[in-house]
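Peer 1: Let me begin by handing over the structure; questions about it come next.
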Amino acid sequence: MNILGISAFYHDSAACLVQDGKIVAAAQEERFTRIKHDENFPVNAVRYCLAEGGVDPDGLDAVAFYDKPINKFVRILETYMSIAPRGLKPYMLALPIWMKKKLWIPLQIDKSLELAGLKMPDHLYFPEHHESHAASAFYPSPFESAAILTVDGVGEWAASTIGHGRGREMEILKDLKFPHSLGLLYSAFTYFTGFRVNSGEYKLMGLAPYGEEKYKDLILDKLLTIRDDGSFRLNMEYFAYLDDVKMTNDKFAELFGGPARQAESEISARERDIAKSIQVVTEEIVLKMANHAHDLTGEKNLCMAGGVALNCVANGRLLREGPFDDIWIQPAAGDAGGALGAALTVWHLVEEKPRIVVPGKDSMQGSYLGPDFEDDEIEAYLKQNGYVGKRVEDEDAWAKEIAQIMADEKVVGLCQGRMEFGPRALGGRSIIGDARSSKMQTVMNLKIKYRESFRPFAPSCLEERASDFFELDCPSPYMLLVAPVKRARCKGIDDTDSVPMREQINQLRSDVPAITHVDYSARVQTVTEESNRRYYKIIRAFEAETGYGIIINTSFNVRGEPIVCTPEDGYRCFMRTEMDVLVLGSFILRKEDQPAWDQADDWQQEFKLD
């Protein structure tokens with residue numbers, strides 16, 4: 001049985017194919033169109049998933065869309081009616097989009113399938129938005145039963161839910177409704193500190209350790225009232241997202257001593273302190289919600305999804321301080337993962353098919369669910385374009401050469417195996433380097449990624465070596481947990497307000513300085529041979545070369561660009577930046593061997609900065 005899941009029209013549109021209960025393929029539309037966070041109907045992702053699954057023209061049994069568009073439209077209409085005559089501008093902007101696209105989902109699905117040469121199935125389902133999130137969290141998890149927590153901006157009406165999963169059964173127990181949304185609260189502060197909403201939230205999280213909690217009490221006093229169960233009410237007098245196209249208003253600006261920071265301008269102490277304050281408030285709300293989920297369900301395990309579940313600092317704190325023995329977070333926790341959850345909802349709840357749970361092992365297959373490219377395809381691409389690469393078919397020799405390149409403080413673009421599903425690069429489409437290097441963070445930020453210098457890099461670590469480097473006693477395969485770097489590896493640094501931010505960034509905090517953030521933490525990915533054999537071998541070879549089973553891993557893209565998908569995407573990014581070496585499958589390409597690159601196109605204007 002073939003079930004196609006689809007998410008679209010907000011951000012991070014995606015498609016997923018579930019075949020007899022197995023997740024066969026999943027990908028975001030942005031990876032194909034090269035438009036970051038592409039919200040359009042995922043025609044290309046749908047075609048990829050169906051091709052990957054070998055679905056015959058009449059072989060699709062059902063389609064599931066990740067929310068109920070009519071219910072969402074009703075919420076939007078009710079919201080605008082309740083605040084009229086205010087809110088005319090966002091209403092006039094939203095209405096044509098709904099009338100032209102968002103209310104015609106069945107027709108768009110039919111058209112998309114026709115373009116892919118398939119027939120529209122008889123069954124089309126619309127689970128609720130947070131039901132799709134909950135399903136994406138629970139059904140692939142390694143738990144027979146668990147509490148479920150979903151937190152994001154908003155679906156139809158719900159902004160957060162607590163659920164309970166047992167076997168194939170799943171139910172939503174409680175919800176917190178719009179406009180009282182933790183995701184929108186965090187996005188409001190993202191906007192106010194000068195970053196893009198639905199894109200820059202992770203920057204706010206990364207900026208927080210540079211600040212102090214100076215505004216925490218002000219936030220709790222003026223902006224929201226939190227209850228013991230984690231529910232809360234926002235004081236909407238300070239927010240503009242109901243009646244304007246921005247997130248905050250003049251009253252919010254007055255509260256924080258001036259207007260919102262302009263994008264790309266200098267980051268002041270105010271922005272750093274605001275970031276720290278809202279991050280701490282967010283963590284405390286998540287902890288309260290999780291405690292309540294524990295009280296309601298009595299479960300020892302927790303599953304999480306929704307955009308706020310990508311806040312890996314809050315996740316790390318929840319793991320350390322919360323009531324649950326174990327936590328599993330959907331690697332595509334945002335809207336893209338809704339496509340997966342919608343398809344699994346049909347398989348388990350509509351078709352009533354049982355779950356097969358392997359204790360300690362989820363069913364996401366490492367989240368390597370995107371396209372792969374065979375060596376023969378890569379070779380043909382290189383020859384056709386006159387690009388120069390050395391084919392190294394022996395995996396051990398291949399890994400050893402890459403490890404030696406990194407040990408020489410060179411930066412490697414890695415495009416091998418299946419592309420990752422979700423926002424994190426996990427060794428399939430990654431830029432990697434030496435975590436021991438004192439200059440690597442600066443080099444990667446300014447010369448490779450072309451992004452703000454304060455942003456930290458994550459480590460990929462052999463799972464069996466993680467406890468040597470981090471205060472972490474569980475796997476973290478999807479880079480969704482932040483953990484402290486082991487104290488024995490850290491150096492004493494005087495971080496005071498008198499030290500400029502740029503100097504703080506460049507201080508050496510540990511013997512792996514390139515991945516140690518200003519607060520002595522790191523967003524950890526643990527790697528096993530089972531999850532990604534070739535990537536594991538690279539890190540093992542690096543350990544043999546240097547004694548360190550840990551490397552830098554950041555996504556293979558430049559700022560504003562989606563993560564690369566194809567060898568062509570990878571080569572283009574490689575040549576546009578100061579990357580030293582490119583790995584395409586079994587091929588190793590050195591920059592100095594390549595023909596001159598025509599940079600007549602103003603590529604840095606091609607991508608909208610996130």
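Going by the structure tokens order, chains are called A, B, ..., each with residues numbered from 1, while ligands are numbered from 1 in the order shown.
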What's around Lys177 (chain A) at 6 Å? Count only C-alpha atoms, leave out sequence neighbours fewer than 4 positions away in its own chain, and write the answer as a ChimeraX atom specification.

Peer 2: /A:157-159

Peer 1: Set the distance at 9 Å and use only C-alpha atoms: which residues neighbour Glu264 (chain A) once local chain neighbours fewer than 2 positions away are removed? I'd like the list as an MDAnalysis selection string.

Peer 2: chainID A and resid 194:195 261:262 266:267 452

Peer 1: Produce a file of the selected residues containing C-alpha atoms, as a PDB file, in the first residue's frame.

Peer 2:
```pdb
ATOM      1  CA  GLY A 194      16.590  41.701  13.364  1.00  0.00           C
ATOM      2  CA  PHE A 195      16.359  38.124  12.074  1.00  0.00           C
ATOM      3  CA  ARG A 261      17.123  46.077  15.203  1.00  0.00           C
ATOM      4  CA  GLN A 262      17.566  46.525  11.476  1.00  0.00           C
ATOM      5  CA  GLU A 266      25.519  45.641  14.447  1.00  0.00           C
ATOM      6  CA  ILE A 267      24.223  43.392  17.215  1.00  0.00           C
ATOM      7  CA  GLU A 452      27.405  35.939  10.991  1.00  0.00           C
TER       8      GLU A 452
END
```

Peer 1: Which residue is closest to Phe143 (chain A)? Choose from A:Ala27, A:Ile402, A:Gly370, A:Gly167 and count only C-alpha atoms.

Peer 2: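 Between A:Ala27, A:Ile402, A:Gly370, A:Gly167, the residue approaching Phe143 (chain A) most closely is A:Gly167.
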
Peer 1: Taking the backbone alone, and naming residues the way the document does, which bits of region 308-469 of chain A are strand (DSSP E or B) by DSSP, as a PDB file with C-alpha atoms, in the first residue's frame?

Peer 2:
```pdb
ATOM      1  CA  ASP A 326      14.225   9.393  27.426  1.00  0.00           C
ATOM      2  CA  ILE A 327      13.182  11.854  24.726  1.00  0.00           C
ATOM      3  CA  TRP A 328      12.813  11.273  20.978  1.00  0.00           C
ATOM      4  CA  ILE A 329      12.476  14.276  18.684  1.00  0.00           C
ATOM      5  CA  VAL A 358      12.330  -2.188  17.796  1.00  0.00           C
ATOM      6  CA  LYS A 361      15.835   1.981  17.320  1.00  0.00           C
ATOM      7  CA  TYR A 368      18.583   9.736   5.109  1.00  0.00           C
ATOM      8  CA  LYS A 390      39.888  11.106  -8.336  1.00  0.00           C
ATOM      9  CA  ARG A 391      37.738   8.011  -7.850  1.00  0.00           C
ATOM     10  CA  VAL A 412      35.692  19.546   2.838  1.00  0.00           C
ATOM     11  CA  GLY A 413      32.284  19.603   1.160  1.00  0.00           C
ATOM     12  CA  LEU A 414      30.731  16.165   1.555  1.00  0.00           C
ATOM     13  CA  CYS A 415      27.963  15.026  -0.810  1.00  0.00           C
ATOM     14  CA  GLU A 420      18.874  14.194   4.773  1.00  0.00           C
ATOM     15  CA  ARG A 429      25.223  16.853   2.599  1.00  0.00           C
ATOM     16  CA  SER A 430      27.707  18.373   5.066  1.00  0.00           C
ATOM     17  CA  ILE A 431      30.699  20.673   5.191  1.00  0.00           C
ATOM     18  CA  ILE A 432      33.251  19.100   7.540  1.00  0.00           C
ATOM     19  CA  GLY A 433      36.518  20.111   9.153  1.00  0.00           C
ATOM     20  CA  ALA A 458      28.120  21.513  15.608  1.00  0.00           C
ATOM     21  CA  PRO A 459      30.260  18.428  16.147  1.00  0.00           C
ATOM     22  CA  SER A 460      29.791  14.985  14.662  1.00  0.00           C
ATOM     23  CA  CYS A 461      31.198  12.508  17.144  1.00  0.00           C
ATOM     24  CA  LEU A 462      31.566   8.748  17.176  1.00  0.00           C
TER      25      LEU A 462
END
```

Peer 1: With only C-alpha atoms as the atoms that count, which of A:Met419, A:Ile550, A:Ala188, A:Met170 lies nearest to Ile563 (chain A)?

Peer 2: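 Going through A:Met419, A:Ile550, A:Ala188, A:Met170 one by one, the smallest distance to Ile563 (chain A) is for A:Met419.
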
Peer 1: Tell me which protein, DNA and RNA residues are within 12 Å of Asp511 (chain A), counting only C-alpha atoms, leaving out same-chain ones fewer than 5 positions away, and put them as a list in words.

Peer 2: Asp434, Ala435, Arg436, Ser437, Ser438, Phe469, Val485, Lys486, Arg487, Ala488, Arg489, Cys490, Lys491, Gly492, Thr516, Tyr520, Gly547, Tyr548 and Ile550 of chain A

Peer 1: Could you turn the residues from that selection into a file that holds N, CA and C atoms, as a PDB file, in the first residue's frame?

Peer 2:
```
ATOM      1  N   ASP A 434      38.185  20.153  10.885  1.00  0.00           N
ATOM      2  CA  ASP A 434      38.896  19.753  12.095  1.00  0.00           C
ATOM      3  C   ASP A 434      38.375  20.535  13.300  1.00  0.00           C
ATOM      4  N   ALA A 435      37.756  19.837  14.243  1.00  0.00           N
ATOM      5  CA  ALA A 435      37.214  20.491  15.443  1.00  0.00           C
ATOM      6  C   ALA A 435      38.309  21.017  16.358  1.00  0.00           C
ATOM      7  N   ARG A 436      39.544  20.562  16.190  1.00  0.00           N
ATOM      8  CA  ARG A 436      40.653  21.012  17.028  1.00  0.00           C
ATOM      9  C   ARG A 436      41.198  22.365  16.597  1.00  0.00           C
ATOM     10  N   SER A 437      40.838  22.804  15.394  1.00  0.00           N
ATOM     11  CA  SER A 437      41.438  23.993  14.810  1.00  0.00           C
ATOM     12  C   SER A 437      40.941  25.270  15.466  1.00  0.00           C
ATOM     13  N   SER A 438      41.853  26.140  15.828  1.00  0.00           N
ATOM     14  CA  SER A 438      41.481  27.403  16.466  1.00  0.00           C
ATOM     15  C   SER A 438      40.931  28.413  15.462  1.00  0.00           C
ATOM     16  N   PHE A 469      33.762  13.574  25.365  1.00  0.00           N
ATOM     17  CA  PHE A 469      33.774  15.002  25.043  1.00  0.00           C
ATOM     18  C   PHE A 469      32.642  15.786  25.700  1.00  0.00           C
ATOM     19  N   VAL A 485      30.210  20.754  27.086  1.00  0.00           N
ATOM     20  CA  VAL A 485      31.498  20.126  26.818  1.00  0.00           C
ATOM     21  C   VAL A 485      32.102  19.711  28.159  1.00  0.00           C
ATOM     22  N   LYS A 486      32.720  18.534  28.214  1.00  0.00           N
ATOM     23  CA  LYS A 486      33.300  18.020  29.455  1.00  0.00           C
ATOM     24  C   LYS A 486      34.255  19.051  30.072  1.00  0.00           C
ATOM     25  N   ARG A 487      34.112  19.282  31.363  1.00  0.00           N
ATOM     26  CA  ARG A 487      34.887  20.298  32.050  1.00  0.00           C
ATOM     27  C   ARG A 487      36.393  20.055  31.905  1.00  0.00           C
ATOM     28  N   ALA A 488      36.783  18.790  31.886  1.00  0.00           N
ATOM     29  CA  ALA A 488      38.212  18.474  31.798  1.00  0.00           C
ATOM     30  C   ALA A 488      38.817  18.945  30.483  1.00  0.00           C
ATOM     31  N   ARG A 489      37.977  19.160  29.467  1.00  0.00           N
ATOM     32  CA  ARG A 489      38.481  19.602  28.164  1.00  0.00           C
ATOM     33  C   ARG A 489      38.464  21.119  28.023  1.00  0.00           C
ATOM     34  N   CYS A 490      37.868  21.821  28.979  1.00  0.00           N
ATOM     35  CA  CYS A 490      37.659  23.257  28.848  1.00  0.00           C
ATOM     36  C   CYS A 490      38.782  24.059  29.477  1.00  0.00           C
ATOM     37  N   LYS A 491      38.943  25.244  28.963  1.00  0.00           N
ATOM     38  CA  LYS A 491      39.921  26.196  29.477  1.00  0.00           C
ATOM     39  C   LYS A 491      39.167  27.309  30.212  1.00  0.00           C
ATOM     40  N   GLY A 492      39.803  27.906  31.200  1.00  0.00           N
ATOM     41  CA  GLY A 492      39.179  29.008  31.924  1.00  0.00           C
ATOM     42  C   GLY A 492      39.243  30.282  31.107  1.00  0.00           C
ATOM     43  N   THR A 516      33.030  24.420  20.303  1.00  0.00           N
ATOM     44  CA  THR A 516      32.671  24.790  21.676  1.00  0.00           C
ATOM     45  C   THR A 516      32.107  26.205  21.675  1.00  0.00           C
ATOM     46  N   TYR A 520      30.310  27.093  26.614  1.00  0.00           N
ATOM     47  CA  TYR A 520      30.929  25.774  26.789  1.00  0.00           C
ATOM     48  C   TYR A 520      29.947  24.635  26.465  1.00  0.00           C
ATOM     49  N   GLY A 547      43.775  11.144  16.942  1.00  0.00           N
ATOM     50  CA  GLY A 547      43.404  10.794  18.303  1.00  0.00           C
ATOM     51  C   GLY A 547      42.066  11.363  18.734  1.00  0.00           C
ATOM     52  N   TYR A 548      41.385  12.081  17.835  1.00  0.00           N
ATOM     53  CA  TYR A 548      40.103  12.721  18.155  1.00  0.00           C
ATOM     54  C   TYR A 548      39.001  12.141  17.271  1.00  0.00           C
ATOM     55  N   ILE A 550      36.093  13.103  16.569  1.00  0.00           N
ATOM     56  CA  ILE A 550      35.114  14.185  16.509  1.00  0.00           C
ATOM     57  C   ILE A 550      35.545  15.173  15.432  1.00  0.00           C
TER      58      ILE A 550
END
```
